[in-house]
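Notes for the one structure printed next.
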Amino acid sequence: MNRSVNFVIPILIAVLTISAWWILNRPNEEPAWPTRIQGFSFSPMRADDDPSQKRFPSVEDIDADLALLKGRAHAVRSYTVESTLAEIPRLAAQYDLNVTLGAWIGDDPEANEAELGRLREILSKGYRNLVRVIVGNEAILRDDVEVMELVEYLDRVRQFTWLPVSTAEPWHVWLKYPKLVEHVDFITIHLLPYWEGVPLDQAVDYAISRYNQVKEAYPNKPIIIGEVGWPSNGRRNRGAEASLANQTRFLRRFLAAAESEHYVYYVMEAFDQPWKLRTEGATGTYWGVYDTNREPKFDFTEPVVRIPQWRELAGLSVVMGVLLLAFLYRDSSTLSKRGKSFLALITYAISTAAVWIVYDYTRQYMTPATAIVGLLLLIGGVGVIVLLMAEAHEWAESVWLRRWRRPFPLRSVPDDQLPFVSVHVPAYNEPPELLKETLDGLAALDYPHFEVLVIDNNTKDPAVWEPVRDYCAQLGERFRFFHVDPLAGYKAGALNFALRHTDPRADVVAVIDADYIVRPPWLRHLVPAFGDPEVAIVQAPQDYRDAHQNAFKAMCMAEYRGFFHLGMVTRNERNAIIQHGTMTMIRRQTLDAVDGWAEWCITEDAELGLRLFEGGHKALYIPCTYGQGLMPDTFADFRKQRYRWAYGAVRILLHHRRELLGLRGTSLSLGQRYHFVAGWLPWFADGFNLLFNFAALAWSVAMVMAPDTITPPYMTIALVPLVLFLFKMSKSLFLYRRRVTATLRQSLAAGLAGLALSHTIARAMFGGLVTGKLGFFRTPKMAEAPAVIRALADAREEALLAFAFLFAAVSVMQRDDAFMLDVRIWVAVLVVQAIPYLATVLVSLMSAWTHLSANLVGPMSDMDCREANGVDQPVSREA
């Protein structure tokens, strides 16, 4: 039955995927393209040409382009007579093409004079295929010249030619400047409804209405349409979407109307202009009916399909989805139908989105810069897919399991059969009263055979360690105290010292932090698990007893709880938990066999767990509270603790990279490799997100400094961080409510605390990659809360970055094109990227405001198990 589900669900989702592609690409009937249109705007630039850099096409290239248009248009309209473009009238005559000859007018008077000189020379040759002259193209719109300056140029040209003379401007410029109309023989208007944000379905009627408006204003002047068109790619302008399908629809609809109304028009334009990427941004490049290879971009007569290659893309997305899903389904026997359906839906959505984004991006003309960006985006995209799949997999396994594979039975074992346990308590400069509470908890253990070793390493002040020594003596022979100074190796060094002094009778070594108060049944409930000779580690979660003190600690408690209720539980299913250095037990024999704790590693606990897994040993985890410690008192200490954990994770992955990648023989299973890589992947994502943030700020600065040439990043790419942020937040809130049994306030508080650590984790990722010499630093407890100024100083980096992102968002919104969708999406990206930094500032301030009640977050219940013997792991399971 389970195998059939593995086939049926992917097939159903694949059918839905293909159906969605089909629905979005149903053919639409449109008027056929005329056999021969009135004219094309003609700029015969090839991929390597750039008139702004004085690189013009060869005469042979111009001739080939005009030959292509022979019989397909009555005329062409040129824009300048500079360089080889002066040959257009002569070459066009060979192909029975009339020419509306253009002269470029810009903001340089000397260049304008040179252009008019060349124009006069061409007109003097008397080409019979010249039908009119246009002096200047949108020169008034660009503010290159004043109206009277342009009038002077027009009057001069009209004096040396018998051809009708005009200039070309959008319709509204003609309505605004009646004086200009007096000095032209005809009106040349541009009708480009895309630039005015008009939706496609209204665009043709809108263009005709503007034509009629100009006609009504100047009934005695002939009107030609100098430019009319729609881009096949580029930015979305309010309701106007630039796409190949929309370009096809608009032009075929307009041409049908123009032919019936007998308009004189020039389609904008014959060929795409890649050079405009550097001057006009993406949209200016894609107005051609033919691409830069001189191939038609759409079908002139067949029904219009949004994506003509949709069948191939749908097939590719399904194949990609099947491959991803096959990987996830390899070890999913305990997932319910709902869980498998969820994974299938997410997988196909991700694969379809990936295929669409790559397809959409490759529809651009590539420059070296966009090619490099595309390669980086491809690499980043693979990372995003892996991250999303890992997050979705954890989501499914946390909610939709039919059964747990590895329950933790609580067995009743007679006292005389229980092994001897040596409890190790490393301490450094801990307050004596705090450590005495820890020892009292150990003295009350309901267990017959154990010892307690307290190892105080490197504490200098005798007033700190001597009271603890004396208290151990009072507690009796079970308690032994060692003060060692100097002692290298930090906590691992202290634990190795304790191992050397452990009672030879000990079969199990247990470790707790110096601030933990354990519960009496801890050893009695968990030690019997070592009855399985393959079990080397038995782990209970970290838990805390001071969440009631203030809102900051309640928030931290909620954030900690997620890992021990979610990540560790799913890891336990594949024998891949992360061992942590408190509330843990290790088989003495295996600990000796691997030479104890690694003194090179700042997270010696997780590293030891991975080494034991490589040796083929098992670990068991029970998400129940058996001991509680103290949380960091300040955000600065909370951040130091997380920095140490993340830094240590990087060092562990680097040190064990061959084993994790299967390049060195070990007993690691595929599931263990997966969890140790994928489990820390979100932390690496924070690191790469920091790189993205710096790039985003740099891009935003460029957008503000050069608004005419630098446009927002490609919109589909810019949407990725927004989608990723929403997906992760949705997952976090959903799982906290369902699996951590947290209230909405607690879920939001946990999310806020997690976001506040993003920058710290990012820095730790890069720190771990470039150096392996980070010194150990303990997490202080019961520290005096900092003042507000100190709290702000602790978050100064994040505050600066938050300000930078918000300032960048406001600055980008000052652009003239701030109304365009891609600008607004980019602003949303900037604001979202500021959220983690703002969270850091807020959480740091909350740690200073110790008077804020924990009730703002709300109390979280202990992770308790029923204490009756023989009960399975009491974690809720939902099918």
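Just remember, in the structure tokens the first chain shown is A, the second B, etc., residues are 1-based per chain, and ligands are 1-based in the order shown.
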
Wanna dump the segment 459-560 of chain A-segment 641-662 of chain A contacts at 12 Å for me, each residue with its shortest atom pair and the distance in Å to one decimal, counting only C-alpha atoms, ordered by chain and number, as JSON lines?
```
{"residue": "A:Cys556", "atom": "CA", "partner": "A:Arg642", "partner_atom": "CA", "distance": 11.5}
{"residue": "A:Glu559", "atom": "CA", "partner": "A:Arg642", "partner_atom": "CA", "distance": 11.7}
{"residue": "A:Tyr560", "atom": "CA", "partner": "A:Arg642", "partner_atom": "CA", "distance": 10.7}
```

Query - Surrounding residues of Lys125 of chain A excluding itself and chain neighbours under 6 positions, 12 Å, only C-alpha atoms, as a list in words - result: Ala86, Glu87, Pro89, Arg90, Arg118, Leu119 and Thr161 of chain A

Expected file contents, prior selection, N, CA, C and O atoms, as a compact mmCIF listing (two decimals), in the first residue's frame:
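Generated file (selection34.txt):
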```txt
# COMPACT_ATOMS: atom_id res chain seq x y z
N ALA A 86 23.91 56.66 -42.81
CA ALA A 86 23.63 57.58 -43.91
C ALA A 86 23.36 56.84 -45.22
O ALA A 86 22.80 57.42 -46.17
N GLU A 87 23.75 55.54 -45.26
CA GLU A 87 23.56 54.75 -46.48
C GLU A 87 22.17 54.13 -46.58
O GLU A 87 21.85 53.49 -47.59
N PRO A 89 19.04 55.32 -47.17
CA PRO A 89 18.21 55.63 -48.35
C PRO A 89 18.69 54.94 -49.61
O PRO A 89 17.87 54.38 -50.38
N ARG A 90 20.00 54.95 -49.86
CA ARG A 90 20.53 54.33 -51.07
C ARG A 90 20.27 52.82 -51.08
O ARG A 90 19.81 52.26 -52.09
N ARG A 118 25.09 66.62 -42.33
CA ARG A 118 25.01 65.33 -43.01
C ARG A 118 23.63 65.13 -43.64
O ARG A 118 23.50 64.58 -44.73
N LEU A 119 22.59 65.57 -42.94
CA LEU A 119 21.24 65.45 -43.47
C LEU A 119 21.10 66.22 -44.77
O LEU A 119 20.52 65.71 -45.75
N THR A 161 14.79 71.55 -48.28
CA THR A 161 14.21 70.35 -48.87
C THR A 161 12.75 70.60 -49.22
O THR A 161 12.06 71.39 -48.58
```

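Interatomic distance, atom CA of Tyr348 of chain A to atom CA of Ser317 of chain A: 7.1 Å.
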
Query raised in the report: With distances taken over only C-alpha atoms, which of A:Met820, A:Ile88, A:Met45, A:Leu748 is nearest to Leu66 of chain A?
Result: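 Comparing A:Met820, A:Ile88, A:Met45, A:Leu748 against Leu66 of chain A, the winner is A:Ile88.
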
**Report entry** Who sits within 9 Å of Leu838 of chain A, only C-alpha atoms, same chain under 6 positions skipped, as an NGL selection string
**Finding:** :A and (755-756 or 798-799 or 801-803)

Can you tell me, as a short mmCIF file (atom, residue, chain, number, x, y, z; two decimals) with N, CA and C atoms, in the first residue's frame, what residues are no more than 12 Å from Trp22 of chain A when counting only C-alpha atoms, ignoring any on the same chain fewer than 2 positions away?
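Contents of the output file out00.cif:
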```cif
data_model
loop_
_atom_site.label_atom_id
_atom_site.label_comp_id
_atom_site.auth_asym_id
_atom_site.auth_seq_id
_atom_site.Cartn_x
_atom_site.Cartn_y
_atom_site.Cartn_z
N VAL A 15 0.17 15.48 -12.90
CA VAL A 15 -0.98 15.82 -13.75
C VAL A 15 -1.45 17.25 -13.45
N LEU A 16 -1.51 17.60 -12.16
CA LEU A 16 -1.89 18.97 -11.79
C LEU A 16 -0.90 19.99 -12.33
N THR A 17 0.39 19.65 -12.28
CA THR A 17 1.42 20.57 -12.78
C THR A 17 1.27 20.81 -14.27
N ILE A 18 1.12 19.74 -15.02
CA ILE A 18 0.95 19.87 -16.48
C ILE A 18 -0.34 20.61 -16.79
N SER A 19 -1.39 20.34 -16.02
CA SER A 19 -2.66 21.04 -16.24
C SER A 19 -2.52 22.53 -16.01
N ALA A 20 -1.75 22.89 -14.98
CA ALA A 20 -1.53 24.32 -14.70
C ALA A 20 -0.79 24.98 -15.85
N LEU A 24 -2.50 27.98 -18.27
CA LEU A 24 -1.85 29.28 -18.44
C LEU A 24 -1.39 29.53 -19.87
N ASN A 25 -1.43 28.49 -20.71
CA ASN A 25 -0.93 28.64 -22.08
C ASN A 25 -1.95 28.20 -23.13
N ARG A 26 -3.23 28.38 -22.79
CA ARG A 26 -4.25 28.09 -23.79
C ARG A 26 -4.14 29.08 -24.94
N PRO A 27 -4.26 28.63 -26.19
CA PRO A 27 -4.11 29.52 -27.35
C PRO A 27 -5.26 30.53 -27.46
N VAL A 305 0.10 31.88 -27.98
CA VAL A 305 0.32 31.10 -26.77
C VAL A 305 1.32 31.87 -25.91
N ARG A 306 1.03 31.97 -24.62
CA ARG A 306 1.89 32.77 -23.74
C ARG A 306 3.34 32.28 -23.77
N ILE A 307 3.52 30.98 -23.61
CA ILE A 307 4.86 30.40 -23.68
C ILE A 307 4.82 29.28 -24.71
N PRO A 308 5.29 29.52 -25.92
CA PRO A 308 5.19 28.49 -26.96
C PRO A 308 5.86 27.18 -26.57
N GLN A 309 6.90 27.24 -25.74
CA GLN A 309 7.63 26.03 -25.35
C GLN A 309 7.09 25.42 -24.07
N TRP A 310 5.83 25.69 -23.73
CA TRP A 310 5.32 25.27 -22.43
C TRP A 310 5.33 23.76 -22.24
N ARG A 311 5.14 23.00 -23.30
CA ARG A 311 5.13 21.54 -23.15
C ARG A 311 6.50 21.03 -22.70
N GLU A 312 7.56 21.56 -23.31
CA GLU A 312 8.90 21.14 -22.91
C GLU A 312 9.20 21.57 -21.47
N LEU A 313 8.78 22.78 -21.13
CA LEU A 313 9.03 23.27 -19.77
C LEU A 313 8.23 22.49 -18.74
N ALA A 314 6.98 22.17 -19.07
CA ALA A 314 6.17 21.37 -18.15
C ALA A 314 6.81 20.00 -17.94
N GLY A 315 7.26 19.40 -19.03
CA GLY A 315 7.91 18.10 -18.91
C GLY A 315 9.18 18.18 -18.07
#
```

Requested in this report: Find the residue from A:Gly751, A:Pro707, A:Leu670, A:Met715 that sits nearest to Ala818 of chain A; use only C-alpha atoms when measuring.
Outcome: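 Closest candidate: A:Pro707.
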
For Tyr266 of chain A: contacts at 8 Å, only C-alpha atoms, fewer than 2 positions along chain excluded, given as a PDB file with N, CA and C atoms, in the first residue's frame:
```pdb
ATOM      1  N   GLN A  38       2.688  49.019 -43.093  1.00  0.00           N
ATOM      2  CA  GLN A  38       3.079  50.357 -43.539  1.00  0.00           C
ATOM      3  C   GLN A  38       4.575  50.596 -43.387  1.00  0.00           C
ATOM      4  N   GLY A  39       5.104  50.327 -42.181  1.00  0.00           N
ATOM      5  CA  GLY A  39       6.530  50.590 -42.013  1.00  0.00           C
ATOM      6  C   GLY A  39       7.066  50.096 -40.686  1.00  0.00           C
ATOM      7  N   PHE A  40       8.392  50.028 -40.621  1.00  0.00           N
ATOM      8  CA  PHE A  40       9.107  49.669 -39.407  1.00  0.00           C
ATOM      9  C   PHE A  40      10.008  50.815 -38.971  1.00  0.00           C
ATOM     10  N   SER A  41      10.100  51.036 -37.672  1.00  0.00           N
ATOM     11  CA  SER A  41      11.214  51.823 -37.149  1.00  0.00           C
ATOM     12  C   SER A  41      12.459  50.971 -37.338  1.00  0.00           C
ATOM     13  N   VAL A  76      10.625  52.234 -44.177  1.00  0.00           N
ATOM     14  CA  VAL A  76      11.334  52.195 -42.893  1.00  0.00           C
ATOM     15  C   VAL A  76      11.548  53.628 -42.442  1.00  0.00           C
ATOM     16  N   ARG A  77      11.679  53.765 -41.125  1.00  0.00           N
ATOM     17  CA  ARG A  77      11.963  55.078 -40.548  1.00  0.00           C
ATOM     18  C   ARG A  77      13.305  55.009 -39.831  1.00  0.00           C
ATOM     19  N   ILE A 225       1.904  57.922 -37.371  1.00  0.00           N
ATOM     20  CA  ILE A 225       2.294  57.296 -36.113  1.00  0.00           C
ATOM     21  C   ILE A 225       3.748  56.857 -36.262  1.00  0.00           C
ATOM     22  N   GLY A 226       4.636  57.600 -35.635  1.00  0.00           N
ATOM     23  CA  GLY A 226       6.067  57.351 -35.814  1.00  0.00           C
ATOM     24  C   GLY A 226       6.556  56.119 -35.064  1.00  0.00           C
ATOM     25  N   GLU A 227       5.920  55.782 -33.961  1.00  0.00           N
ATOM     26  CA  GLU A 227       6.261  54.583 -33.197  1.00  0.00           C
ATOM     27  C   GLU A 227       5.000  54.033 -32.562  1.00  0.00           C
ATOM     28  N   VAL A 228       4.792  52.742 -32.736  1.00  0.00           N
ATOM     29  CA  VAL A 228       3.709  52.057 -32.031  1.00  0.00           C
ATOM     30  C   VAL A 228       4.180  50.633 -31.784  1.00  0.00           C
ATOM     31  N   VAL A 264      -1.152  55.843 -41.272  1.00  0.00           N
ATOM     32  CA  VAL A 264       0.257  55.717 -41.661  1.00  0.00           C
ATOM     33  C   VAL A 264       1.026  55.477 -40.358  1.00  0.00           C
ATOM     34  N   MET A 268       7.178  49.890 -33.916  1.00  0.00           N
ATOM     35  CA  MET A 268       8.364  50.021 -33.081  1.00  0.00           C
ATOM     36  C   MET A 268       8.733  48.637 -32.546  1.00  0.00           C
ATOM     37  N   GLU A 269       9.725  47.975 -33.101  1.00  0.00           N
ATOM     38  CA  GLU A 269      10.609  48.327 -34.173  1.00  0.00           C
ATOM     39  C   GLU A 269      10.965  47.080 -34.928  1.00  0.00           C
TER      40      GLU A 269
END
```

Query - Contacts of Asp50 of chain A within 12 Å, only C-alpha atoms, excl. fewer than 3 positions in-chain, as a VMD selection string - result: chain A and resid 43 to 47 53 to 57 273 to 279

File dump, residues just selected, C-alpha atoms, as an mmCIF file, in the first residue's frame:
```
data_model
loop_
_atom_site.group_PDB
_atom_site.id
_atom_site.type_symbol
_atom_site.label_atom_id
_atom_site.label_comp_id
_atom_site.auth_asym_id
_atom_site.auth_seq_id
_atom_site.Cartn_x
_atom_site.Cartn_y
_atom_site.Cartn_z
ATOM 1 C CA SER A 43 17.809 50.700 -36.276
ATOM 2 C CA PRO A 44 20.007 48.014 -37.857
ATOM 3 C CA MET A 45 22.243 47.488 -34.808
ATOM 4 C CA ARG A 46 23.738 44.052 -34.304
ATOM 5 C CA ALA A 47 24.695 42.453 -30.991
ATOM 6 C CA GLN A 53 30.041 54.149 -28.220
ATOM 7 C CA LYS A 54 30.263 55.087 -31.911
ATOM 8 C CA ARG A 55 30.160 51.462 -33.025
ATOM 9 C CA PHE A 56 27.846 51.267 -36.043
ATOM 10 C CA PRO A 57 26.782 48.356 -38.261
ATOM 11 C CA GLN A 273 18.501 46.527 -29.646
ATOM 12 C CA PRO A 274 20.864 44.811 -27.151
ATOM 13 C CA TRP A 275 22.993 47.939 -26.849
ATOM 14 C CA LYS A 276 20.155 49.677 -25.022
ATOM 15 C CA LEU A 277 20.775 47.455 -21.998
ATOM 16 C CA ARG A 278 23.542 49.869 -21.068
ATOM 17 C CA THR A 279 21.530 53.038 -21.609
#
```

Requested in this report: Write out as a PyMOL selection string which residues come within 12 Å of Ala114 of chain A when counting only C-alpha atoms, dropping same-chain ones fewer than 5 positions away.
Outcome: chain A and resi 80-83+103-106+108-109+119-121

Requested in this report: Considering only C-alpha atoms, state which residue in the set A:Gly629, A:Gly665, A:Pro721, A:Pro51 is at the smallest distance from Tyr79 of chain A.
Outcome: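 Going through A:Gly629, A:Gly665, A:Pro721, A:Pro51 one by one, the smallest distance to Tyr79 of chain A is for A:Pro51.
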
Requested in this report: Step one, run DSSP on the backbone; step two, keep only residues of segment 519-674 of chain A assigned to alpha helix (DSSP H); then write them as number ranges by chain.
Outcome: A: 522-526, 551-562, 568-572, 588-593, 604-614, 635-655, 657-660, 670-674

Requested in this report: Quick one: pick out all strand (DSSP E or B) residues within segment 265-444 of chain A from a backbone DSSP run and write them as a list in words.
Outcome: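 Strand (DSSP E or B) assignments inside segment 265-444 of chain A correspond to Tyr265, Tyr266, Val267, Phe271, Tyr290, Pro296, Val304, Leu335, Leu401, Phe420, Val421, Ser422, Val423, His424, Val425, Pro426 and Ala427 of chain A.
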
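Relative to atom CA of Lys553 of chain A, atom CA of Gly754 of chain A is found at 13.1 Å.
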
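One finds atom CA of Thr840 of chain A at 21.1 Å from atom CA of Val810 of chain A.
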
Report task. May I ask which of the residues A:Arg363, A:Arg745, A:His483, A:Arg158 is the closest one to Arg132 of chain A, counting only C-alpha atoms? Result ->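 That would be A:Arg158, the residue with the smallest distance to Arg132 of chain A.
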